[in-house]
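K.L.:
One structure, pasted below without further comment.
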Amino acid sequence: MSILDELRVIKESHDLEEFRRDLLAAVNARAPEGSDIENRDFAFVCEFSERLADAEEFQDFIPSHGSGIGHRRKKLRVDGYELDEADDSIRLLVADFKGENDLDTITKTQINNVFAQLKAFIEESCSGQIWSSSLNSSLQTRELSGIIEQRHELKTDGSRSVSRYRCYLITDSLLSDSAKELSIDEIDGIPVEYHIWDISRLKAVSSSILGTEELEIDFTEFVDDGLQCLKACQTENYESYLAVIPGNVLVNIYERYGSRLLEGNVRSFLNTSVKVNKGIQKTIRAEPDKFFIYNNGISATATSANIRQTEKGPKLVSVKYLQIVNGGQTTASLHVAKRKDNADLSAIQVQMKLSVVLANESEQLDDLIQKIARYSNSQNKVSDVDFFSNHSFHRMIERYSRGISAPRNPGATFSTFWFYERARGQYFHAQSKMKISEKKIFLRQNPRAQLISKTDLAKFENSWRQLPHVVARAAQKNFIVFAEYIEKNYGSDGSRFDNEVYFKEVISKAIMFRFVENMVSAAKKTWYAGDYRAQIVTYTIAKLVSIIEELPSGLTLKLNQIWERQAISSVLSQQLELIAKFVAIAITTPPVQSMNVGEWCKKEDCWNKVKELSISIISGMEKELCSTREIDLIHKDAAVQAKEDIVINGVVEVVALRKAGCWQRLDGWTKQFSPVFGKEADLLRLASRANWVPTDRQAVVLIKMLKRLEQDGFKTS
């Protein structure tokens, strides 16, 4: 090994240990001081699973611990789960958390032992014998056992409601070289697959350009020599290919990789809609040889493609980060037809348009994939709201989060920021090119405890808007409801939201939300039984707002006080704890005893029940409240100021873009690709002239036109 290779290995080892220290610090921040092993394990599961959610490995993960001894004296364990409606799989997770200062290695023997406990839990649940086992578990875990038993049950037609069990092991250790390969198992003919996420794999995902794992699919594992294809076109940003994929091959790939193949918006769409198209099903059964003619096929993106020249022409051998951006319903319908109806797919061929995106920057790459998905679905039910991630609202929150520092704590010698992650992986990518000294400064100014994602913000806001039953649904479903609210209320200039007052209120809600999370966790084994923390938190926040709204004097909470303190006062803390105790009882006692609590919490009837709870305002809370009229005036003044700032900034931006030659380039681009007429054409010619300064209104028209044409493909820089 050369000296350079040795230095590279040393640096990689140092970076991994530093990444692990960051993970442990985040876990410790979640676990109250003096926490027992169970609470620390729970904190580890929450932290690790949220990072996996950022990497799109999970979408609606539910932490849920259970351990004990089964009826055959087998050890049982589970630490969380997710029901994937897109492919009817059940994802189950088990944790191995060391938490020690030194990085340890997890061996194949240890891995097999942990997975054996998880498989035993599944088997006991399938057979119904879990109810007679000595399982130390929460109500959530018992309900999970019931779900597994119900979905695994053999139907009259010989099928089952679960397609496969995807088992995950998460660990803060390093996977040993001897444990790289894991065999696929089964329970009563249902496949059981095993996935290991060690600290190295988590770091690799966090450091990747997309903030998610660039899964590589080798088509030669499914069809000899790969897929027949033709190159359609190529630019500096992408390459396009046309291919034909056999129906059985598409289904086999989908069965192996599941909903990870579906672009996030398409996955969310499938989860909230009927995924079996009757027209597709009819063609599969009656005219499979005409499927290629009748069906539009699928559109997909990838970050790289391996093409091999053969005697029969070019073959698509493998791709990285394959995402189906259109045709998710086609894929799911073929999967259902084969799995549930045992349909013959041998005559079915599916056309595939593959766009290989070549961008090098994460934001540019994510943006291009989003646009391909948007335009591919322009004629389908996937609405603009589903692509809300690129809305101006998020750019605005990002801008304030980088520019407004939080008030310093007494004695602090530096300021901190609340880092808003508009694009996936921004937080880690910001650090990736830094020197060690620069990274320390960055982390001190942007602590991970003050990192907020888009789905986090949607939880904070919808809880405050008294929609806890919506927040209790999957993160993406809640995000879409929040997107609809912003789309409806944002207005032409966004001044209602684009101001410092709104940003500081959002952060105040974040501080309160996370305080309640920690408060509930700390109350374990007192008034909190360990079940449904996420639901208790959102219902507690919503109930607080509801109680204050019902006061006769028209009052609201002084969110600005929370911002200034960067903390919750002792009085507000007591009030929130009082509410949380009532909420915990109310949401875990549904009207029908056998009803699943998780499903009950997603219903508006549950919220109505909580709203009816009689909970008093405690002494001293009056100091935490102020007149709603006063707050309305503050918001009105902030919106007026924001409008003025937007106008001023618009003029400045138009002039700056002229100096950069943007308007002149845009003028030439529109004549070639997207003509503009009338007032816009006249202003565009004027904007290209040296020393020309627009009026306020002219600047607004030019900026709006520029944003529209950027959507059509023009590049500002």
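Chains: A, B, ... in order of the structure tokens. Residues: from 1 per chain. Ligands: from 1, in order shown.
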Would you mind writing down, as a count of residues only, each residue of region 6-234 of chain A that DSSP on the backbone assigns to helix (DSSP H, G or I)?
P.N.:
96
K.L.:
Show me, as CSV, the residues of region 100-137 of chain A having an atom within 7 Å of region 174-179 of chain A, each with the closest atom pair and its distance in Å, using only C-alpha atoms.
P.N.:
residue,atom,partner,partner_atom,distance
A:Asp104,CA,A:Leu174,CA,6.2
A:Thr105,CA,A:Leu174,CA,4.6
A:Ile106,CA,A:Leu175,CA,5.3
A:Thr107,CA,A:Ser176,CA,5.5
A:Lys108,CA,A:Ala179,CA,4.7
K.L.:
Rank nothing, just name the residue among A:Thr331, A:Asp637, A:Asn252, A:Val583 nearest to Gln351 (chain A), using only C-alpha atoms.
P.N.:
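The answer is A:Thr331, which sits nearest to Gln351 (chain A).
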K.L.:
Can you pull out every residue within 10 Å of region 648-660 of chain A, counting only C-alpha atoms, but drop anything in the same chain fewer than 3 positions away, and send it as a list in words?
P.N.:
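Those residues are Ala642, Lys643, Glu644, Asp645, Trp663, Gln664, Arg665, Ala687, Ser688, Arg689, Ala690, Asn691, Trp692, Val693, Pro694, Thr695, Asp696, Arg697, Gln698, Ala699, Val700, Val701, Leu702, Ile703, Lys704, Leu706, Thr716 and Ser717 of chain A.
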K.L.:
Would you output that residue set with C-alpha atoms, as a PDB file, in the first residue's frame?
P.N.:
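Heads up, here's the output in selection.pdb:
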ATOM      1  CA  ALA A 642     -41.819  42.149   3.635  1.00  0.00           C
ATOM      2  CA  LYS A 643     -43.681  43.522   0.599  1.00  0.00           C
ATOM      3  CA  GLU A 644     -41.451  46.605   0.634  1.00  0.00           C
ATOM      4  CA  ASP A 645     -38.343  44.448   0.979  1.00  0.00           C
ATOM      5  CA  TRP A 663     -31.192  39.249 -19.397  1.00  0.00           C
ATOM      6  CA  GLN A 664     -29.252  39.326 -22.646  1.00  0.00           C
ATOM      7  CA  ARG A 665     -28.835  35.553 -22.582  1.00  0.00           C
ATOM      8  CA  ALA A 687     -33.393  44.886 -19.118  1.00  0.00           C
ATOM      9  CA  SER A 688     -30.497  44.013 -21.433  1.00  0.00           C
ATOM     10  CA  ARG A 689     -29.493  47.679 -21.849  1.00  0.00           C
ATOM     11  CA  ALA A 690     -26.587  49.079 -19.866  1.00  0.00           C
ATOM     12  CA  ASN A 691     -27.457  51.440 -16.981  1.00  0.00           C
ATOM     13  CA  TRP A 692     -31.213  50.766 -17.265  1.00  0.00           C
ATOM     14  CA  VAL A 693     -32.970  50.648 -13.866  1.00  0.00           C
ATOM     15  CA  PRO A 694     -36.523  49.225 -13.685  1.00  0.00           C
ATOM     16  CA  THR A 695     -39.443  50.611 -11.726  1.00  0.00           C
ATOM     17  CA  ASP A 696     -40.801  48.515  -8.854  1.00  0.00           C
ATOM     18  CA  ARG A 697     -43.561  47.043 -11.037  1.00  0.00           C
ATOM     19  CA  GLN A 698     -41.223  46.345 -13.938  1.00  0.00           C
ATOM     20  CA  ALA A 699     -38.872  44.475 -11.583  1.00  0.00           C
ATOM     21  CA  VAL A 700     -41.757  42.316 -10.310  1.00  0.00           C
ATOM     22  CA  VAL A 701     -42.790  41.392 -13.880  1.00  0.00           C
ATOM     23  CA  LEU A 702     -39.212  40.536 -14.879  1.00  0.00           C
ATOM     24  CA  ILE A 703     -38.521  38.361 -11.823  1.00  0.00           C
ATOM     25  CA  LYS A 704     -41.824  36.475 -12.276  1.00  0.00           C
ATOM     26  CA  LEU A 706     -37.519  34.678 -15.071  1.00  0.00           C
ATOM     27  CA  THR A 716     -29.668  31.693 -14.711  1.00  0.00           C
ATOM     28  CA  SER A 717     -25.987  30.861 -14.291  1.00  0.00           C
TER      29      SER A 717
END
K.L.:
What are the nearest atom pairs, with distances in Å to one decimal, for all residues of region 550-657 of chain A that come at most 10 Å from region 467-491 of chain A, using only C-alpha atoms, set out by chain and rising residue number as CSV?
P.N.:
residue,atom,partner,partner_atom,distance
A:Gly598,CA,A:Ala472,CA,7.9
A:Glu599,CA,A:Arg473,CA,8.5
A:Trp600,CA,A:His469,CA,8.7
A:Cys601,CA,A:His469,CA,5.7
A:Lys602,CA,A:His469,CA,4.4
A:Lys603,CA,A:His469,CA,5.6
A:Glu604,CA,A:His469,CA,5.8
A:Asp605,CA,A:His469,CA,8.7
A:Cys606,CA,A:His469,CA,7.3
A:Trp607,CA,A:His469,CA,6.3
A:Asn608,CA,A:His469,CA,9.7
K.L.:
Mind listing the strand (DSSP E) residues of region 514-628 of chain A, per DSSP on the backbone, as a list in words?
P.N.:
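So the strand (DSSP E) residues in region 514-628 of chain A would be Leu555, Thr556, Leu557, Leu625, Cys626 and Ser627 of chain A.
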K.L.:
Can those selected residues be exported to a file as a tab-separated table (two decimals), in the first residue's frame so that it contains N, CA and C atoms?
P.N.:
chain	number	residue	atom	x	y	z
A	555	LEU	N	-56.85	35.50	23.59
A	555	LEU	CA	-55.42	35.48	23.87
A	555	LEU	C	-54.71	34.43	23.02
A	556	THR	N	-53.41	34.57	22.94
A	556	THR	CA	-52.59	33.57	22.25
A	556	THR	C	-51.24	33.48	22.96
A	557	LEU	N	-50.47	32.45	22.64
A	557	LEU	CA	-49.19	32.24	23.30
A	557	LEU	C	-48.15	33.23	22.78
A	625	LEU	N	-49.13	34.63	27.88
A	625	LEU	CA	-50.13	34.94	26.86
A	625	LEU	C	-50.17	36.42	26.55
A	626	CYS	N	-50.67	36.74	25.35
A	626	CYS	CA	-50.88	38.13	24.97
A	626	CYS	C	-52.10	38.20	24.06
A	627	SER	N	-52.53	39.40	23.73
A	627	SER	CA	-53.71	39.61	22.91
A	627	SER	C	-53.48	39.13	21.48
K.L.:
If you count only C-alpha atoms, which residues fall within 12 Å of region 8-21 of chain A, apart from same-chain ones fewer than 2 positions away, as JSON, numbers by chain?
P.N.:
{"A": [1, 2, 3, 4, 5, 6, 23, 24, 25, 26, 27, 28, 44, 48, 97, 98, 99, 100, 101, 102, 103, 104, 171, 172, 173, 174, 198, 199, 200, 201, 202, 203, 204, 205, 206, 207, 428, 431, 432, 434, 435, 436, 439, 440, 443, 448]}
K.L.:
What's the 6 Å shell around region 309-326 of chain A, counting only C-alpha atoms, without same-chain residues fewer than 3 positions away, as an MDAnalysis selection string?
P.N.:
chainID A and resid 214:219 226:229 261:263 298:306 373 376
K.L.:
Residues as selected, C-alpha atoms, written as a short mmCIF file (atom, residue, chain, number, x, y, z; two decimals), in the first residue's frame, can you do that?
P.N.:
data_model
loop_
_atom_site.label_atom_id
_atom_site.label_comp_id
_atom_site.auth_asym_id
_atom_site.auth_seq_id
_atom_site.Cartn_x
_atom_site.Cartn_y
_atom_site.Cartn_z
CA GLU A 214 -27.22 5.05 -4.69
CA LEU A 215 -28.59 1.55 -5.02
CA GLU A 216 -26.99 -0.29 -7.97
CA ILE A 217 -29.24 -2.65 -9.93
CA ASP A 218 -27.59 -5.30 -12.10
CA PHE A 219 -30.11 -6.25 -14.80
CA GLY A 226 -29.22 -7.03 -19.73
CA LEU A 227 -32.01 -5.05 -21.41
CA GLN A 228 -32.14 -4.23 -25.11
CA CYS A 229 -31.90 -0.44 -25.43
CA LEU A 261 -37.52 2.19 -6.61
CA LEU A 262 -40.35 4.71 -6.53
CA GLU A 263 -39.49 8.40 -6.56
CA ILE A 298 -42.60 3.68 -17.19
CA SER A 299 -40.31 6.70 -16.99
CA ALA A 300 -37.27 6.42 -14.76
CA THR A 301 -34.17 8.33 -13.74
CA ALA A 302 -30.73 7.11 -12.71
CA THR A 303 -27.40 8.70 -11.83
CA SER A 304 -25.33 6.42 -14.08
CA ALA A 305 -25.85 3.62 -16.59
CA ASN A 306 -23.58 0.85 -17.82
CA ALA A 373 -40.91 13.63 -12.19
CA SER A 376 -43.63 13.07 -16.49
#
K.L.:
When you look at Ser508 (chain A) with a cut-off of 7 Å (counting only C-alpha atoms), what residues show up, excluding the ones that are within fewer than 3 positions of it in the same chain? I need them as a list in words.
P.N.:
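Contacts, with the query itself left out: Lys504, Glu505, Ile511, Met512, Leu559, Ile562 and Trp563 of chain A.
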K.L.:
Save the residues we just selected, N, CA and C atoms, as a tab-separated table (two decimals), in the first residue's frame?
P.N.:
chain	number	residue	atom	x	y	z
A	504	LYS	N	-39.23	33.26	13.08
A	504	LYS	CA	-38.97	33.11	14.52
A	504	LYS	C	-40.09	32.33	15.21
A	505	GLU	N	-41.31	32.50	14.74
A	505	GLU	CA	-42.42	31.73	15.31
A	505	GLU	C	-42.31	30.25	14.97
A	511	ILE	N	-38.99	24.51	19.05
A	511	ILE	CA	-38.45	24.39	20.42
A	511	ILE	C	-39.48	23.74	21.33
A	512	MET	N	-40.72	24.16	21.22
A	512	MET	CA	-41.78	23.62	22.06
A	512	MET	C	-42.06	22.15	21.72
A	559	LEU	N	-45.15	33.50	21.46
A	559	LEU	CA	-44.09	32.70	20.85
A	559	LEU	C	-42.77	33.45	20.83
A	562	ILE	N	-40.50	32.51	23.65
A	562	ILE	CA	-39.78	31.25	23.47
A	562	ILE	C	-38.55	31.49	22.59
A	563	TRP	N	-38.72	32.29	21.54
A	563	TRP	CA	-37.58	32.61	20.67
A	563	TRP	C	-36.48	33.31	21.45
K.L.:
Identify which of the residues A:Asp493, A:Asp87, A:Asp96, A:Glu143 lies closest to Ser163 (chain A), counting only C-alpha atoms when measuring atom-to-atom distances.
P.N.:
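Smallest separation from Ser163 (chain A) among the options: A:Asp87.
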K.L.:
Just checking: using only C-alpha atoms, which residue out of A:Leu684, A:Val571, A:Tyr81, A:Ser183 ends up closest to Ser619 (chain A)?
P.N.:
A:Val571
